[in-house]
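Enquirer: Provided below: data.txt, containing compact mmCIF, C-alpha atoms.
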# COMPACT_ATOMS: atom_id res chain seq x y z
CA MET A 8 96.06 112.60 69.86
CA LYS A 9 99.14 111.87 71.92
CA LYS A 10 99.27 111.78 75.70
CA VAL A 11 101.54 114.65 76.77
CA PHE A 12 100.97 114.43 80.51
CA GLY A 13 100.13 111.47 82.71
CA ARG A 14 101.18 109.41 85.66
CA PRO A 15 104.93 108.58 85.68
CA GLU A 16 105.95 104.90 85.63
CA SER A 17 107.89 105.27 88.86
CA LEU A 18 104.64 105.78 90.76
CA THR A 19 102.23 102.94 91.51
CA ASP A 20 98.53 103.24 90.76
CA VAL A 21 97.66 103.69 94.46
CA PRO A 22 95.83 107.00 95.10
CA PHE A 23 97.72 109.31 97.47
CA THR A 24 96.49 109.34 101.06
CA TYR A 25 97.41 113.01 101.53
CA CYS A 26 94.92 115.77 102.34
CA PRO A 27 93.42 117.83 99.50
CA GLY A 28 95.94 120.36 98.18
CA CYS A 29 98.94 118.88 100.00
CA HIS A 30 102.14 119.34 98.01
CA HIS A 31 103.47 115.87 98.83
CA GLY A 32 101.71 114.50 95.74
CA THR A 33 103.39 117.00 93.43
CA ALA A 34 106.77 116.36 95.06
CA HIS A 35 106.31 112.58 94.62
CA ARG A 36 105.44 113.08 90.97
CA LEU A 37 108.51 115.21 90.27
CA VAL A 38 110.85 112.68 91.89
CA ALA A 39 109.15 109.84 89.96
CA GLU A 40 109.41 111.74 86.66
CA VAL A 41 113.13 112.29 87.23
CA LEU A 42 113.61 108.55 87.96
CA ASP A 43 111.74 107.80 84.72
CA GLU A 44 113.78 110.27 82.69
CA PHE A 45 117.10 108.91 83.91
CA GLY A 46 115.80 105.31 83.53
CA ILE A 47 117.06 104.43 87.02
CA ARG A 48 113.86 103.14 88.64
CA GLU A 49 115.08 99.54 88.79
CA LYS A 50 118.21 100.43 90.74
CA THR A 51 116.74 103.14 92.95
CA ILE A 52 116.18 102.69 96.68
CA GLY A 53 114.14 105.33 98.49
CA ILE A 54 114.09 105.92 102.23
CA CYS A 55 110.88 107.34 103.60
CA PRO A 56 110.63 109.14 106.93
CA VAL A 57 108.24 109.27 109.83
CA GLY A 58 105.54 111.79 108.98
CA CYS A 59 102.68 111.97 106.49
CA SER A 60 104.98 110.60 103.78
CA VAL A 61 105.70 107.44 105.80
CA PHE A 62 103.43 105.70 103.29
CA ALA A 63 105.66 106.72 100.36
CA TYR A 64 106.52 103.02 99.97
CA LEU A 65 102.96 102.50 98.71
CA PHE A 66 103.34 105.18 96.08
CA PHE A 67 106.88 104.87 94.70
CA ASN A 68 107.29 102.01 92.26
CA CYS A 69 110.86 101.30 93.38
CA ASP A 70 112.38 99.72 96.47
CA VAL A 71 111.59 101.79 99.55
CA ILE A 72 112.65 101.40 103.16
CA CYS A 73 111.01 103.12 106.13
CA ALA A 74 113.49 104.68 108.54
CA ALA A 75 113.14 105.43 112.24
CA HIS A 76 112.33 109.09 112.89
CA GLY A 77 115.06 111.29 111.40
CA ARG A 78 117.43 108.42 110.64
CA ALA A 79 116.89 108.26 106.88
CA PRO A 80 120.33 109.73 105.97
CA ALA A 81 122.04 107.13 108.19
CA ILE A 82 120.20 104.27 106.48
CA ALA A 83 120.85 105.84 103.09
CA THR A 84 124.57 105.98 103.96
CA GLY A 85 124.60 102.26 104.74
CA ILE A 86 122.76 101.30 101.57
CA LYS A 87 124.83 103.51 99.30
CA ARG A 88 128.11 102.26 100.78
CA SER A 89 127.15 98.59 100.57
CA LYS A 90 125.51 98.92 97.13
CA PRO A 91 127.38 101.77 95.43
CA ASP A 92 125.69 101.09 92.08
CA SER A 93 122.24 101.84 93.44
CA ILE A 94 120.69 105.28 93.43
CA VAL A 95 119.62 106.24 96.94
CA PHE A 96 117.32 109.06 97.91
CA THR A 97 115.68 110.03 101.18
CA TYR A 98 112.35 111.81 101.36
CA GLN A 99 112.00 113.69 104.64
CA GLY A 100 109.78 116.31 106.22
CA ASP A 101 110.89 119.19 108.40
CA GLY A 102 109.98 117.50 111.67
CA ASP A 103 112.06 114.54 110.54
CA LEU A 104 115.06 116.26 108.97
CA ALA A 105 115.28 119.58 110.82
CA SER A 106 114.36 118.40 114.30
CA ILE A 107 114.99 114.84 115.44
CA GLY A 108 117.21 114.06 112.45
CA THR A 109 119.43 117.15 112.51
CA ALA A 110 122.51 115.23 113.59
CA GLU A 111 122.06 112.61 110.86
CA ILE A 112 121.57 115.11 108.04
CA VAL A 113 124.44 117.37 109.11
CA HIS A 114 126.91 114.50 109.34
CA ALA A 115 125.70 112.80 106.16
CA ALA A 116 126.31 116.11 104.39
CA ASN A 117 129.64 116.58 106.15
CA ARG A 118 130.85 113.15 105.07
CA GLY A 119 129.77 114.04 101.54
CA GLU A 120 127.70 110.87 101.25
CA ASN A 121 126.70 110.31 97.63
CA ILE A 122 122.96 110.43 98.30
CA THR A 123 120.07 112.70 97.32
CA VAL A 124 117.80 114.21 99.96
CA ILE A 125 114.33 115.52 99.18
CA PHE A 126 113.40 117.78 102.10
CA ILE A 127 109.77 118.85 102.42
CA ASN A 128 109.47 122.01 104.52
CA ASN A 129 105.90 122.93 105.47
CA ALA A 130 106.77 124.79 108.69
CA ILE A 131 104.68 122.50 110.87
CA TYR A 132 104.35 118.92 112.10
CA GLY A 133 101.67 117.54 109.79
CA MET A 134 100.94 113.95 110.72
CA THR A 135 100.95 114.43 114.49
CA GLY A 136 98.35 117.19 114.31
CA GLY A 137 99.98 120.56 113.68
CA GLN A 138 102.54 121.14 116.42
CA MET A 139 105.32 123.72 116.13
CA ALA A 140 108.33 122.57 114.12
CA PRO A 141 111.84 124.08 114.14
CA THR A 142 110.92 125.61 110.78
CA THR A 143 107.69 127.26 112.02
CA LEU A 144 107.78 130.99 111.23
CA VAL A 145 107.95 133.67 113.93
CA GLY A 146 104.40 134.51 115.00
CA GLN A 147 102.91 131.44 113.33
CA VAL A 148 100.10 129.89 115.33
CA THR A 149 100.28 126.12 115.83
CA GLN A 150 98.84 123.68 118.36
CA THR A 151 101.88 124.13 120.62
CA SER A 152 102.39 127.85 119.95
CA PRO A 153 98.80 129.08 120.32
CA TYR A 154 99.90 132.73 120.71
CA GLY A 155 102.30 132.49 117.77
CA ARG A 156 105.94 131.42 117.82
CA ASP A 157 107.83 133.68 120.19
CA PRO A 158 111.59 133.66 119.49
CA LYS A 159 112.35 134.57 123.11
CA THR A 160 111.34 131.15 124.30
CA MET A 161 111.02 129.11 121.12
CA GLY A 162 113.96 130.27 119.02
CA TYR A 163 113.98 131.25 115.37
CA PRO A 164 112.99 129.15 112.36
CA ILE A 165 115.96 127.13 111.19
CA LYS A 166 117.19 127.56 107.62
CA MET A 167 118.45 124.10 106.73
CA SER A 168 119.59 124.85 103.18
CA GLU A 169 121.66 127.84 104.25
CA MET A 170 123.10 125.88 107.18
CA LEU A 171 124.04 122.82 105.12
CA SER A 172 125.49 124.96 102.34
CA THR A 173 128.28 126.04 104.72
CA ILE A 174 129.42 122.41 104.88
CA LYS A 175 132.20 121.50 102.47
CA GLY A 176 130.90 117.97 101.87
CA ALA A 177 127.60 119.22 100.45
CA THR A 178 127.74 119.41 96.66
CA TYR A 179 124.31 120.59 95.59
CA ILE A 180 121.81 122.45 97.80
CA SER A 181 118.74 124.15 96.41
CA ARG A 182 115.38 125.47 97.64
CA VAL A 183 112.25 125.40 95.50
CA ALA A 184 108.46 125.83 95.83
CA LEU A 185 105.46 124.23 94.14
CA THR A 186 102.75 126.88 94.32
CA LYS A 187 102.61 127.70 90.61
CA PRO A 188 103.57 125.99 87.34
CA ALA A 189 106.69 128.18 86.89
CA TYR A 190 107.98 127.09 90.31
CA ILE A 191 107.12 123.45 89.57
CA VAL A 192 109.23 123.53 86.38
CA LYS A 193 112.15 124.95 88.37
CA ALA A 194 111.63 122.40 91.14
CA LYS A 195 111.86 119.54 88.67
CA LYS A 196 115.08 120.96 87.22
CA ALA A 197 116.55 121.17 90.74
CA ILE A 198 115.58 117.57 91.55
CA LYS A 199 117.07 116.44 88.26
CA LYS A 200 120.33 118.24 89.04
CA ALA A 201 120.41 116.65 92.49
CA PHE A 202 120.09 113.14 91.02
CA GLN A 203 122.64 114.05 88.32
CA VAL A 204 125.12 114.94 91.07
CA GLN A 205 124.59 111.50 92.60
CA LEU A 206 124.84 109.74 89.22
CA ASP A 207 128.14 111.53 88.61
CA GLY A 208 129.36 110.45 92.04
CA LYS A 209 129.96 114.03 93.10
CA GLY A 210 128.54 113.76 96.62
CA PHE A 211 125.71 114.97 98.82
CA SER A 212 122.74 116.70 97.19
CA MET A 213 119.61 118.13 98.76
CA VAL A 214 116.52 119.88 97.41
CA GLU A 215 114.39 121.69 99.98
CA ILE A 216 110.79 121.95 98.79
CA LEU A 217 108.59 124.57 100.44
CA SER A 218 105.24 122.89 100.83
CA THR A 219 101.78 123.70 102.12
CA CYS A 220 99.89 121.95 104.91
CA PRO A 221 96.36 123.33 104.37
CA THR A 222 94.82 121.12 107.06
CA ASN A 223 97.10 122.15 109.91
CA TRP A 224 97.51 125.74 108.75
CA GLY A 225 93.72 126.00 108.87
CA LEU A 226 93.52 127.37 105.33
CA SER A 227 91.99 126.20 102.06
CA PRO A 228 94.55 124.80 99.57
CA VAL A 229 94.35 127.97 97.46
CA GLU A 230 94.76 130.23 100.54
CA ALA A 231 97.62 128.04 101.76
CA SER A 232 99.50 128.52 98.47
CA LYS A 233 99.06 132.27 98.83
CA TRP A 234 100.19 132.15 102.48
CA LEU A 235 103.31 130.22 101.46
CA GLU A 236 104.21 132.77 98.80
CA GLU A 237 103.59 135.74 101.09
CA ASN A 238 105.15 134.42 104.29
CA MET A 239 107.48 131.51 103.68
CA ILE A 240 109.30 132.58 100.50
CA PRO A 241 110.45 135.94 102.00
CA TYR A 242 112.01 134.07 104.95
CA TYR A 243 113.12 130.99 103.02
CA PRO A 244 114.36 132.48 99.73
CA LEU A 245 114.30 130.20 96.69
CA GLY A 246 117.42 129.40 94.72
CA GLU A 247 120.60 127.36 94.60
CA PHE A 248 122.85 127.66 97.61
CA ARG A 249 125.57 125.35 96.44
CA THR A 250 126.28 123.99 92.99
CA PRO A 251 128.86 121.45 91.79
CA GLU A 252 131.01 124.09 90.02
CA GLU A 253 131.44 125.92 93.30
CA VAL A 254 132.80 122.78 94.89
CA ALA A 255 135.14 121.89 92.02
CA MET B 15 93.36 120.59 69.37
CA ALA B 16 93.91 119.50 72.94
CA LYS B 17 91.93 117.74 75.59
CA ILE B 18 92.18 116.80 79.23
CA ILE B 19 90.71 113.83 81.08
CA ILE B 20 89.97 114.33 84.76
CA ASP B 21 89.89 111.21 86.93
CA GLU B 22 86.98 112.27 89.13
CA GLU B 23 87.57 109.54 91.70
CA ARG B 24 91.19 110.64 92.31
CA CYS B 25 90.27 114.34 92.53
CA LYS B 26 90.02 115.73 96.06
CA GLY B 27 88.50 119.05 95.08
CA CYS B 28 91.45 121.20 96.21
CA GLU B 29 90.72 123.74 93.43
CA LEU B 30 94.41 124.35 92.64
CA CYS B 31 93.84 123.50 88.96
CA ILE B 32 91.17 126.19 88.77
CA THR B 33 93.68 128.83 89.86
CA ALA B 34 96.31 127.52 87.43
CA CYS B 35 94.17 127.40 84.27
CA PRO B 36 95.02 130.47 82.14
CA LYS B 37 91.78 130.07 80.14
CA HIS B 38 89.55 129.84 83.24
CA ILE B 39 87.71 126.82 81.86
CA LEU B 40 87.87 124.63 84.97
CA VAL B 41 85.15 124.70 87.64
CA MET B 42 84.06 122.51 90.50
CA SER B 43 81.40 119.96 89.65
CA GLU B 44 78.17 120.00 91.61
CA GLN B 45 78.31 116.20 91.79
CA PHE B 46 80.14 114.33 94.54
CA ASN B 47 82.69 111.58 93.94
CA LYS B 48 82.94 108.41 96.06
CA LYS B 49 85.13 110.15 98.64
CA GLY B 50 82.59 112.95 99.02
CA TYR B 51 84.58 115.66 97.23
CA HIS B 52 83.35 117.91 94.45
CA PRO B 53 85.70 117.01 91.59
CA ALA B 54 87.01 119.49 89.03
CA LYS B 55 85.16 119.74 85.73
CA GLN B 56 86.08 121.31 82.42
CA ILE B 57 83.72 123.71 80.70
CA LYS B 58 84.25 124.94 77.12
CA PRO B 59 86.66 122.10 76.16
CA GLU B 60 87.19 123.71 72.75
CA GLU B 61 89.16 126.52 74.43
CA CYS B 62 91.69 124.16 76.03
CA THR B 63 95.22 124.73 74.67
CA GLY B 64 96.78 121.68 76.33
CA CYS B 65 99.23 123.82 78.34
CA ALA B 66 99.05 121.18 81.12
CA PHE B 67 99.27 123.77 83.92
CA CYS B 68 96.27 122.12 85.61
CA ALA B 69 97.92 118.70 85.42
CA MET B 70 101.24 120.07 86.70
CA ILE B 71 99.72 121.67 89.77
CA CYS B 72 97.34 118.77 90.58
CA PRO B 73 98.78 117.08 93.70
CA ASP B 74 96.82 113.89 93.01
CA ILE B 75 97.84 113.47 89.36
CA SER B 76 94.18 113.19 88.43
CA ILE B 77 94.49 115.06 85.13
CA GLU B 78 95.82 113.61 81.89
CA VAL B 79 96.57 115.88 78.94
CA PHE B 80 96.35 114.92 75.25
CA LYS B 81 97.48 116.99 72.31
Please, can you express the file's structure as structure tokens?

Expert:
Amino acid sequence: MKKVFGRPESLTDVPFTYCPGCHHGTAHRLVAEVLDEFGIREKTIGICPVGCSVFAYLFFNCDVICAAHGRAPAIATGIKRSKPDSIVFTYQGDGDLASIGTAEIVHAANRGENITVIFINNAIYGMTGGQMAPTTLVGQVTQTSPYGRDPKTMGYPIKMSEMLSTIKGATYISRVALTKPAYIVKAKKAIKKAFQVQLDGKGFSMVEILSTCPTNWGLSPVEASKWLEENMIPYYPLGEFRTPEEVA
Amino acid sequence: MAKIIIDEERCKGCELCITACPKHILVMSEQFNKKGYHPAKQIKPEECTGCAFCAMICPDISIEVFK
């Protein structure tokens, strides 16, 4: 019998510290599998954010740097420019990328930096205890929106992929989900394309991954997957928003 | 002929694999692991087709698939 599925080499043996059912683990695995398949682990440098995935340096078996909150694209820019042969990716949550790091991500995309961004959107601040994020859906109850998000005072959920796809410097922008095997297969293809864009030197690539946060949503992992499919996907449609052909 | 190996100590009992299995041959064990979770357990291993859906959806990569 041959092993057809196991732990990718680009992940260490350390068990994930994430809550049961959290999609971070699946997202880590997909990124690691892509690094394995391209054979680029030795020259890859990851930048992890502030958030639950701040410990990504324990899990990825490549060089990883921890950035200040939201500043991962700025650090990635510096690394990629000083070491152009390395493969640089950032791994950021929505509190990191869509809130405090909005300026960094917009300008990194606008400069067309040749980096890959993995953006985990779970519509809430996970690590700090479930506060409202810019991506929180209208009506969604969080610690800081106990009566549900009211757009009159709290604004509307921000669609980062759509926003960044209007920028000329962005080469590949895609949104995926991980709630069922069919979505996971598509998500891996999108991550692979994003790294291919960087390998070809074509510019900025980002994959937004819709993710669950069962603990802070107050749902079981199975209910959280259902909630994501019923509430998040209609507002954050899946698909490719910008592809290399469009740019060329 | 296919088989899966579940690493019970890595499993956090999220039950996502149970929803993904098309043959419905995964259940939660009544035993606890060291972390205090009920790990997933396979029943009727002869029905496993090795589709790897359970392994793909497992966030903790606690399932290995052999074919």

Enquirer: Can you work out which one of A:Ala79, A:Ile125, A:Ile240, A:Asn223 has the shortest atom-to-atom distance to His31 in chain A, counting all atoms listed in the file?

Expert: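 Distance minimum relative to His31 in chain A lands on A:Ile125.
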
Enquirer: Which residues of chain B are close to chain A, meaning at most 6 Å apart when you count only C-alpha atoms, and how do they look as a short mmCIF file (atom, residue, chain, number, x, y, z; two decimals) with C-alpha atoms, in the coordinates of the input?

Expert:
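This is the output file out-v7.cif:
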data_model
loop_
_atom_site.label_atom_id
_atom_site.label_comp_id
_atom_site.auth_asym_id
_atom_site.auth_seq_id
_atom_site.Cartn_x
_atom_site.Cartn_y
_atom_site.Cartn_z
CA LYS B 26 90.02 115.73 96.06
CA CYS B 28 91.45 121.20 96.21
CA PHE B 67 99.27 123.77 83.92
CA PRO B 73 98.78 117.08 93.70
CA ASP B 74 96.82 113.89 93.01
CA GLU B 78 95.82 113.61 81.89
CA VAL B 79 96.57 115.88 78.94
CA PHE B 80 96.35 114.92 75.25
CA LYS B 81 97.48 116.99 72.31
#

Enquirer: Measure the distance from CA of Glu120 in chain A to CA of Pro56 in chain A in Å and round it to one decimal.

Expert: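 Straight-line distance from CA of Glu120 in chain A to CA of Pro56 in chain A works out to 18.1 Å.
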
Enquirer: Contacts of Pro158 in chain A at 10 Å or less, counting all atoms listed in the file, minus same-chain residues fewer than 3 places along, as a list in words?

Expert: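 Result of the neighbour search: Leu144, Val145, Gly146, Gly155, Met161, Gly162, Tyr163 and Pro164 of chain A.
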
Enquirer: Counting only C-alpha atoms, which of A:Met239, A:Ile52, A:Cys69, A:Ile165 gets nearest to Leu18 in chain A?

Expert: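 Under the stated criterion, the closest residue is A:Cys69.
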
Enquirer: Would you mind listing what lies within 8 Å of Thr63 in chain B as a list in words, with all atoms listed in the file counted and same-chain residues fewer than 5 positions away left out?

Expert: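 The residues satisfying every condition are Met15, Ala16 and Lys17 of chain B.
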
Enquirer: Rank nothing, just name the residue among B:Lys49, B:Lys55, B:Cys35, B:Ala69 nearest to Glu23 in chain B, using all atoms listed in the file.

Expert: B:Lys49

Enquirer: Return the single residue from B:Leu40, B:Ile32, B:Phe46, B:Ile75 that is closest to Glu61 in chain B, with distances computed using all atoms listed in the file.

Expert: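 Residue with the minimum atom-to-atom distance to Glu61 in chain B: B:Leu40.
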
Enquirer: So, with only C-alpha atoms as the atoms that count, which of B:Gln45, B:Ile39, B:Lys58, B:Pro53 lies closest to Glu22 in chain B?

Expert: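 Closest to Glu22 in chain B of all the choices is B:Pro53.
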
Enquirer: Can you tell me how far CA of Asn238 in chain A sits from CA of Ala184 in chain A, in Å to one decimal?

Expert: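 Result for CA of Asn238 in chain A versus CA of Ala184 in chain A: 12.5 Å, one decimal.
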
Enquirer: Restricting the calculation to all atoms listed in the file: of A:Ala63, A:Ile94, A:Val124, A:Leu217, which residue gets closest to Pro241 in chain A?

Expert: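 Smallest distance to Pro241 in chain A is found for A:Leu217.
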
Enquirer: Could you check how far CA of Val113 in chain A sits from CA of Thr142 in chain A, in Å to one decimal?

Expert: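 Interatomic distance here is 15.9 Å.
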
Enquirer: Would you pick out the contacts of range 167-179 of chain A at 7 Å or less, using all atoms listed in the file, so that residues sharing its chain but fewer than 6 positions from it are not included, and give the list as number ranges by chain?

Expert: A: 105, 113, 116-119, 201, 209-213, 215, 248-251, 254

Enquirer: Counting all atoms listed in the file, find residues at most 8 Å from (113.3, 126.1, 92.9) (file frame) and give them as a ChimeraX atom specification.

Expert: /A:181-184,190-191,193-197,216,245-247

Enquirer: Could range 139-170 of chain A be completed with N, CA and C atoms and returned as an mmCIF file, in the frame of the given file?

Expert:
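File written: result_32.cif
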data_model
loop_
_atom_site.group_PDB
_atom_site.id
_atom_site.type_symbol
_atom_site.label_atom_id
_atom_site.label_comp_id
_atom_site.auth_asym_id
_atom_site.auth_seq_id
_atom_site.Cartn_x
_atom_site.Cartn_y
_atom_site.Cartn_z
ATOM 1 N N MET A 139 104.258 122.854 116.622
ATOM 2 C CA MET A 139 105.320 123.720 116.130
ATOM 3 C C MET A 139 106.539 122.901 115.732
ATOM 4 N N ALA A 140 107.113 123.223 114.594
ATOM 5 C CA ALA A 140 108.330 122.570 114.120
ATOM 6 C C ALA A 140 109.485 123.571 114.235
ATOM 7 N N PRO A 141 110.732 123.117 114.101
ATOM 8 C CA PRO A 141 111.840 124.080 114.140
ATOM 9 C C PRO A 141 111.744 125.100 113.011
ATOM 10 N N THR A 142 111.036 124.743 111.949
ATOM 11 C CA THR A 142 110.920 125.610 110.780
ATOM 12 C C THR A 142 109.691 126.524 110.833
ATOM 13 N N THR A 143 108.882 126.395 111.877
ATOM 14 C CA THR A 143 107.690 127.260 112.020
ATOM 15 C C THR A 143 108.118 128.732 112.058
ATOM 16 N N LEU A 144 107.395 129.578 111.331
ATOM 17 C CA LEU A 144 107.780 130.990 111.230
ATOM 18 C C LEU A 144 107.481 131.741 112.529
ATOM 19 N N VAL A 145 108.195 132.827 112.752
ATOM 20 C CA VAL A 145 107.950 133.670 113.930
ATOM 21 C C VAL A 145 106.515 134.196 113.861
ATOM 22 N N GLY A 146 105.789 134.031 114.953
ATOM 23 C CA GLY A 146 104.400 134.510 115.000
ATOM 24 C C GLY A 146 103.384 133.514 114.485
ATOM 25 N N GLN A 147 103.859 132.427 113.905
ATOM 26 C CA GLN A 147 102.910 131.440 113.330
ATOM 27 C C GLN A 147 102.213 130.669 114.447
ATOM 28 N N VAL A 148 100.902 130.579 114.325
ATOM 29 C CA VAL A 148 100.100 129.890 115.330
ATOM 30 C C VAL A 148 100.042 128.393 114.996
ATOM 31 N N THR A 149 100.413 127.568 115.972
ATOM 32 C CA THR A 149 100.280 126.120 115.830
ATOM 33 C C THR A 149 99.651 125.581 117.105
ATOM 34 N N GLN A 150 99.446 124.269 117.160
ATOM 35 C CA GLN A 150 98.840 123.680 118.360
ATOM 36 C C GLN A 150 99.676 123.940 119.608
ATOM 37 N N THR A 151 101.012 123.950 119.447
ATOM 38 C CA THR A 151 101.880 124.130 120.620
ATOM 39 C C THR A 151 102.456 125.543 120.712
ATOM 40 N N SER A 152 102.056 126.417 119.804
ATOM 41 C CA SER A 152 102.390 127.850 119.950
ATOM 42 C C SER A 152 101.113 128.635 119.689
ATOM 43 N N PRO A 153 100.132 128.508 120.588
ATOM 44 C CA PRO A 153 98.800 129.080 120.320
ATOM 45 C C PRO A 153 98.785 130.603 120.246
ATOM 46 N N TYR A 154 99.836 131.263 120.813
ATOM 47 C CA TYR A 154 99.900 132.730 120.710
ATOM 48 C C TYR A 154 100.900 133.142 119.628
ATOM 49 N N GLY A 155 101.300 132.207 118.807
ATOM 50 C CA GLY A 155 102.300 132.490 117.770
ATOM 51 C C GLY A 155 103.685 132.147 118.284
ATOM 52 N N ARG A 156 104.584 131.778 117.381
ATOM 53 C CA ARG A 156 105.940 131.420 117.820
ATOM 54 C C ARG A 156 106.669 132.658 118.327
ATOM 55 N N ASP A 157 107.117 132.572 119.562
ATOM 56 C CA ASP A 157 107.830 133.680 120.190
ATOM 57 C C ASP A 157 109.317 133.317 120.268
ATOM 58 N N PRO A 158 110.172 134.038 119.533
ATOM 59 C CA PRO A 158 111.590 133.660 119.490
ATOM 60 C C PRO A 158 112.278 133.700 120.849
ATOM 61 N N LYS A 159 111.703 134.477 121.788
ATOM 62 C CA LYS A 159 112.350 134.570 123.110
ATOM 63 C C LYS A 159 112.417 133.219 123.784
ATOM 64 N N THR A 160 111.345 132.455 123.645
ATOM 65 C CA THR A 160 111.340 131.150 124.300
ATOM 66 C C THR A 160 111.419 129.984 123.324
ATOM 67 N N MET A 161 111.117 130.226 122.069
ATOM 68 C CA MET A 161 111.020 129.110 121.120
ATOM 69 C C MET A 161 112.070 129.168 120.023
ATOM 70 N N GLY A 162 112.914 130.183 120.035
ATOM 71 C CA GLY A 162 113.960 130.270 119.020
ATOM 72 C C GLY A 162 113.426 130.721 117.670
ATOM 73 N N TYR A 163 114.340 130.790 116.722
ATOM 74 C CA TYR A 163 113.980 131.250 115.370
ATOM 75 C C TYR A 163 113.876 130.066 114.421
ATOM 76 N N PRO A 164 113.091 130.236 113.344
ATOM 77 C CA PRO A 164 112.990 129.150 112.360
ATOM 78 C C PRO A 164 114.356 128.831 111.752
ATOM 79 N N ILE A 165 114.639 127.554 111.650
ATOM 80 C CA ILE A 165 115.960 127.130 111.190
ATOM 81 C C ILE A 165 115.985 127.045 109.665
ATOM 82 N N LYS A 166 117.053 127.582 109.083
ATOM 83 C CA LYS A 166 117.190 127.560 107.620
ATOM 84 C C LYS A 166 118.149 126.443 107.257
ATOM 85 N N MET A 167 117.606 125.278 106.960
ATOM 86 C CA MET A 167 118.450 124.100 106.730
ATOM 87 C C MET A 167 119.337 124.242 105.502
ATOM 88 N N SER A 168 118.790 124.766 104.410
ATOM 89 C CA SER A 168 119.590 124.850 103.180
ATOM 90 C C SER A 168 120.801 125.755 103.375
ATOM 91 N N GLU A 169 120.563 126.914 104.014
ATOM 92 C CA GLU A 169 121.660 127.840 104.250
ATOM 93 C C GLU A 169 122.703 127.189 105.155
ATOM 94 N N MET A 170 122.196 126.497 106.207
ATOM 95 C CA MET A 170 123.100 125.880 107.180
ATOM 96 C C MET A 170 123.952 124.802 106.499
#
